[in-house]
Amino acid sequence: MPAPGRTRGSRPALTLRQKALRALARREYSRVELARKLGGADDDPAASEILLDEFEASGWLSDTRFAGGAARQRQGRYSQRYILADLKHKGIAGDTAQDAVSALEQDDYATALALWRQRFGKPPADQKEKARQVRFLQSRGFALNVVFRVLREQGVAADDE
């Protein structure tokens with residue numbers, strides 16, 4: 001028999017604090033992301049800010065920890081430039097994002113070369129295939145000079161660029 005005031009299958013309304021804790025129990029969030037997630041749930045933005053301040057003070061919410069984890073997760077698959085832009089898009093401050101990317105000690109050329117070998121493994125047969133390989137590496141945030149260096153060192157003639 002359902003509890004008084006509840007119908008079968010319904011859930012009690014969650015408080016703002018409960019919603020935030022549930023979200024943080026699933027994964028890390030930046031402060032901006034969590035505020036955005038909670039924004040539609042509450043009409044009082046001051047209450048959200050107070051709650052976020054409390055979570056930061058208790059160590060449950062940390063932009064530095066989020067940035068480090070997010071950067072490590074993307075390491076080896078994206079360029080430093082891409083990771084930095086992604087962190088900033090998620091609301092991480094520029095200095096915090098730069099520190100997280102710098103801690104990776106990732107070489108963009110080596111990363112691009114490893115990705116190229118994994119995905120393609122052989123020089124392009126024609127201009128269409130070369131363009132496809134260039135687009136792939138650029139979509140991962142690698143600069144054009146790094147992309148052409150990878151291709152050149154893998155046997156693509158320089159005059160094709």
# chains A, B, ... in the order shown; residues from 1 in each chain; ligands from 1
$ select_by_dssp --residues "chain A" --states "alpha helix (DSSP H)" --output "NGL selection string"
:A and (16-26 or 31-39 or 45-58 or 63-74 or 80-89 or 94-102 or 108-119 or 127-139 or 144-153)
$ residues_around --residues "stretch 20-33 of chain A" --least-positions-apart "5" --cutoff "10 Å" --atoms "only C-alpha atoms" --output "ChimeraX atom specification"
/A:14-15,38-39,48-49,51-53,55-56,60-67,69-70,87,89-92
$ write_last_selection --atoms "N, CA, C and O atoms" --output "compact mmCIF listing (two decimals), in the first residue's frame"
# COMPACT_ATOMS: atom_id res chain seq x y z
N LEU A 14 12.16 15.84 -4.94
CA LEU A 14 13.50 15.95 -4.37
C LEU A 14 13.83 17.40 -4.09
O LEU A 14 13.45 18.30 -4.84
N THR A 15 14.57 17.61 -3.02
CA THR A 15 15.03 18.96 -2.71
C THR A 15 16.20 19.29 -3.64
O THR A 15 16.78 18.41 -4.28
N LEU A 38 21.07 22.34 -12.14
CA LEU A 38 20.10 22.64 -11.08
C LEU A 38 19.25 23.86 -11.40
O LEU A 38 18.23 24.07 -10.77
N GLY A 39 19.68 24.65 -12.37
CA GLY A 39 19.01 25.91 -12.69
C GLY A 39 17.54 25.78 -12.99
O GLY A 39 16.73 26.57 -12.52
N SER A 48 20.73 28.13 -4.96
CA SER A 48 21.67 27.28 -5.70
C SER A 48 23.10 27.70 -5.43
O SER A 48 23.97 26.85 -5.21
N GLU A 49 23.37 29.00 -5.45
CA GLU A 49 24.72 29.50 -5.21
C GLU A 49 25.20 29.16 -3.80
O GLU A 49 26.35 28.79 -3.59
N LEU A 51 24.18 26.65 -1.97
CA LEU A 51 24.41 25.21 -1.96
C LEU A 51 25.73 24.86 -2.64
O LEU A 51 26.51 24.05 -2.12
N LEU A 52 26.01 25.48 -3.78
CA LEU A 52 27.27 25.21 -4.49
C LEU A 52 28.47 25.67 -3.66
O LEU A 52 29.51 24.98 -3.63
N ASP A 53 28.36 26.81 -2.98
CA ASP A 53 29.43 27.27 -2.09
C ASP A 53 29.67 26.26 -0.98
O ASP A 53 30.82 25.95 -0.63
N PHE A 55 29.00 23.02 -1.05
CA PHE A 55 29.60 21.81 -1.62
C PHE A 55 31.08 22.01 -1.91
O PHE A 55 31.89 21.10 -1.72
N GLU A 56 31.46 23.20 -2.37
CA GLU A 56 32.88 23.48 -2.61
C GLU A 56 33.65 23.50 -1.29
O GLU A 56 34.76 22.96 -1.22
N TRP A 60 33.12 18.47 -1.98
CA TRP A 60 32.31 17.63 -2.85
C TRP A 60 32.29 18.13 -4.28
O TRP A 60 32.01 17.39 -5.21
N LEU A 61 32.58 19.40 -4.45
CA LEU A 61 32.57 20.05 -5.76
C LEU A 61 33.89 20.79 -5.92
O LEU A 61 34.24 21.61 -5.09
N SER A 62 34.63 20.45 -6.98
CA SER A 62 35.93 21.07 -7.18
C SER A 62 36.19 21.22 -8.68
O SER A 62 36.27 20.22 -9.40
N ASP A 63 36.34 22.46 -9.13
CA ASP A 63 36.65 22.70 -10.54
C ASP A 63 38.04 22.16 -10.88
O ASP A 63 38.26 21.66 -11.98
N THR A 64 38.96 22.24 -9.95
CA THR A 64 40.32 21.75 -10.19
C THR A 64 40.30 20.23 -10.39
O THR A 64 40.92 19.71 -11.33
N ARG A 65 39.60 19.53 -9.53
CA ARG A 65 39.50 18.07 -9.65
C ARG A 65 38.76 17.68 -10.93
O ARG A 65 39.17 16.77 -11.65
N PHE A 66 37.69 18.40 -11.24
CA PHE A 66 36.94 18.12 -12.46
C PHE A 66 37.82 18.33 -13.69
O PHE A 66 37.84 17.50 -14.60
N ALA A 67 38.56 19.45 -13.72
CA ALA A 67 39.40 19.77 -14.87
C ALA A 67 40.48 18.71 -15.07
O ALA A 67 40.75 18.28 -16.19
N GLY A 69 40.46 15.54 -14.12
CA GLY A 69 39.84 14.29 -14.58
C GLY A 69 39.39 14.36 -16.03
O GLY A 69 39.61 13.43 -16.81
N ALA A 70 38.77 15.46 -16.39
CA ALA A 70 38.30 15.63 -17.76
C ALA A 70 39.47 15.69 -18.74
O ALA A 70 39.41 15.12 -19.84
N LEU A 87 37.41 22.39 -21.77
CA LEU A 87 37.32 22.73 -20.35
C LEU A 87 36.73 24.12 -20.15
O LEU A 87 35.89 24.33 -19.27
N HIS A 89 34.73 25.64 -22.16
CA HIS A 89 33.32 25.54 -22.53
C HIS A 89 32.49 24.98 -21.37
O HIS A 89 31.32 25.32 -21.21
N LYS A 90 33.10 24.14 -20.57
CA LYS A 90 32.40 23.55 -19.43
C LYS A 90 32.44 24.45 -18.20
O LYS A 90 32.02 24.05 -17.12
N GLY A 91 32.97 25.67 -18.36
CA GLY A 91 32.93 26.65 -17.28
C GLY A 91 34.15 26.68 -16.39
O GLY A 91 34.12 27.31 -15.33
N ILE A 92 35.23 26.05 -16.79
CA ILE A 92 36.45 26.06 -15.99
C ILE A 92 37.22 27.34 -16.30
O ILE A 92 37.37 27.71 -17.46
$ atom_distance --atom1 "atom CA of A:Val147" --atom2 "atom CA of A:Leu115"
10.9 Å
$ atom_distance --atom1 "atom CA of A:Glu129" --atom2 "atom CA of A:Arg74"
25.8 Å
$ atom_distance --atom1 "atom CA of A:Leu137" --atom2 "atom CA of A:Ala125"
17.1 Å
$ closest_residue --among "A:Gln18, A:Ser102, A:Gln154, A:Ser10" --to "A:Phe120" --atoms "only C-alpha atoms"
A:Gln154
$ residues_around --residues "A:Leu104" --least-positions-apart "5" --cutoff "10 Å" --atoms "only C-alpha atoms" --output "list in words"
Gly68, Ala71, Arg72, Gln75, Gly76, Gln80 and Asp99 of chain A
$ residues_around --residues "A:Ser79" --least-positions-apart "6" --cutoff "9 Å" --atoms "only C-alpha atoms" --output "JSON, numbers by chain"
{"A": [106, 107, 108, 109, 111, 112, 140, 141, 142, 143]}
$ write_last_selection --atoms "all heavy atoms" --output "CSV table (one decimal), in the first residue's frame"
chain,number,residue,atom,x,y,z
A,106,GLN,N,51.5,16.2,-22.5
A,106,GLN,CA,51.2,15.5,-23.8
A,106,GLN,C,51.8,16.3,-24.9
A,106,GLN,O,51.7,17.5,-25.0
A,106,GLN,CB,49.6,15.5,-24.0
A,106,GLN,CG,49.2,15.0,-25.3
A,106,GLN,CD,47.6,15.0,-25.4
A,106,GLN,OE1,47.0,14.3,-24.6
A,106,GLN,NE2,47.1,15.7,-26.4
A,107,ASP,N,52.4,15.5,-25.8
A,107,ASP,CA,53.0,16.1,-27.0
A,107,ASP,C,52.0,15.9,-28.2
A,107,ASP,O,51.6,14.8,-28.5
A,107,ASP,CB,54.3,15.3,-27.4
A,107,ASP,CG,54.9,15.8,-28.7
A,107,ASP,OD1,54.8,17.0,-29.0
A,107,ASP,OD2,55.5,15.0,-29.4
A,108,ASP,N,51.5,17.0,-28.7
A,108,ASP,CA,50.5,17.0,-29.8
A,108,ASP,C,51.0,16.2,-31.0
A,108,ASP,O,50.2,15.4,-31.6
A,108,ASP,CB,50.1,18.4,-30.2
A,108,ASP,CG,49.0,18.9,-29.2
A,108,ASP,OD1,48.5,18.2,-28.3
A,108,ASP,OD2,48.6,20.1,-29.4
A,109,TYR,N,52.2,16.3,-31.4
A,109,TYR,CA,52.7,15.6,-32.5
A,109,TYR,C,52.6,14.1,-32.3
A,109,TYR,O,52.1,13.3,-33.1
A,109,TYR,CB,54.1,16.0,-32.9
A,109,TYR,CG,54.7,15.1,-34.0
A,109,TYR,CD1,54.2,15.2,-35.3
A,109,TYR,CD2,55.6,14.1,-33.7
A,109,TYR,CE1,54.7,14.3,-36.3
A,109,TYR,CE2,56.1,13.2,-34.6
A,109,TYR,CZ,55.6,13.3,-35.9
A,109,TYR,OH,56.1,12.5,-36.9
A,111,THR,N,50.8,12.5,-30.2
A,111,THR,CA,49.4,12.1,-30.1
A,111,THR,C,48.7,12.0,-31.4
A,111,THR,O,48.0,11.0,-31.7
A,111,THR,CB,48.6,13.1,-29.2
A,111,THR,OG1,49.3,13.1,-27.9
A,111,THR,CG2,47.2,12.6,-29.0
A,112,ALA,N,49.0,13.0,-32.3
A,112,ALA,CA,48.4,13.0,-33.6
A,112,ALA,C,49.0,11.8,-34.4
A,112,ALA,O,48.2,11.1,-35.1
A,112,ALA,CB,48.7,14.3,-34.4
A,140,ARG,N,40.0,16.6,-34.2
A,140,ARG,CA,40.5,16.3,-32.9
A,140,ARG,C,41.3,17.5,-32.3
A,140,ARG,O,41.9,17.4,-31.2
A,140,ARG,CB,41.4,15.1,-32.9
A,140,ARG,CG,40.7,13.8,-33.4
A,140,ARG,CD,39.6,13.5,-32.4
A,140,ARG,NE,38.9,12.3,-32.8
A,140,ARG,CZ,39.0,11.1,-32.2
A,140,ARG,NH1,39.7,11.0,-31.1
A,140,ARG,NH2,38.3,10.1,-32.6
A,141,GLY,N,41.4,18.6,-33.0
A,141,GLY,CA,41.9,19.8,-32.5
A,141,GLY,C,43.4,20.0,-32.8
A,141,GLY,O,44.0,21.0,-32.3
A,142,PHE,N,44.0,19.2,-33.7
A,142,PHE,CA,45.4,19.4,-34.0
A,142,PHE,C,45.6,20.5,-35.1
A,142,PHE,O,44.8,20.6,-36.0
A,142,PHE,CB,46.0,18.1,-34.6
A,142,PHE,CG,46.0,17.0,-33.5
A,142,PHE,CD1,45.0,16.0,-33.5
A,142,PHE,CD2,46.9,17.0,-32.5
A,142,PHE,CE1,45.0,15.0,-32.5
A,142,PHE,CE2,46.9,16.0,-31.5
A,142,PHE,CZ,45.9,15.0,-31.5
A,143,ALA,N,46.6,21.3,-34.9
A,143,ALA,CA,46.9,22.4,-35.8
A,143,ALA,C,47.3,21.8,-37.2
A,143,ALA,O,47.8,20.7,-37.3
A,143,ALA,CB,48.0,23.2,-35.3
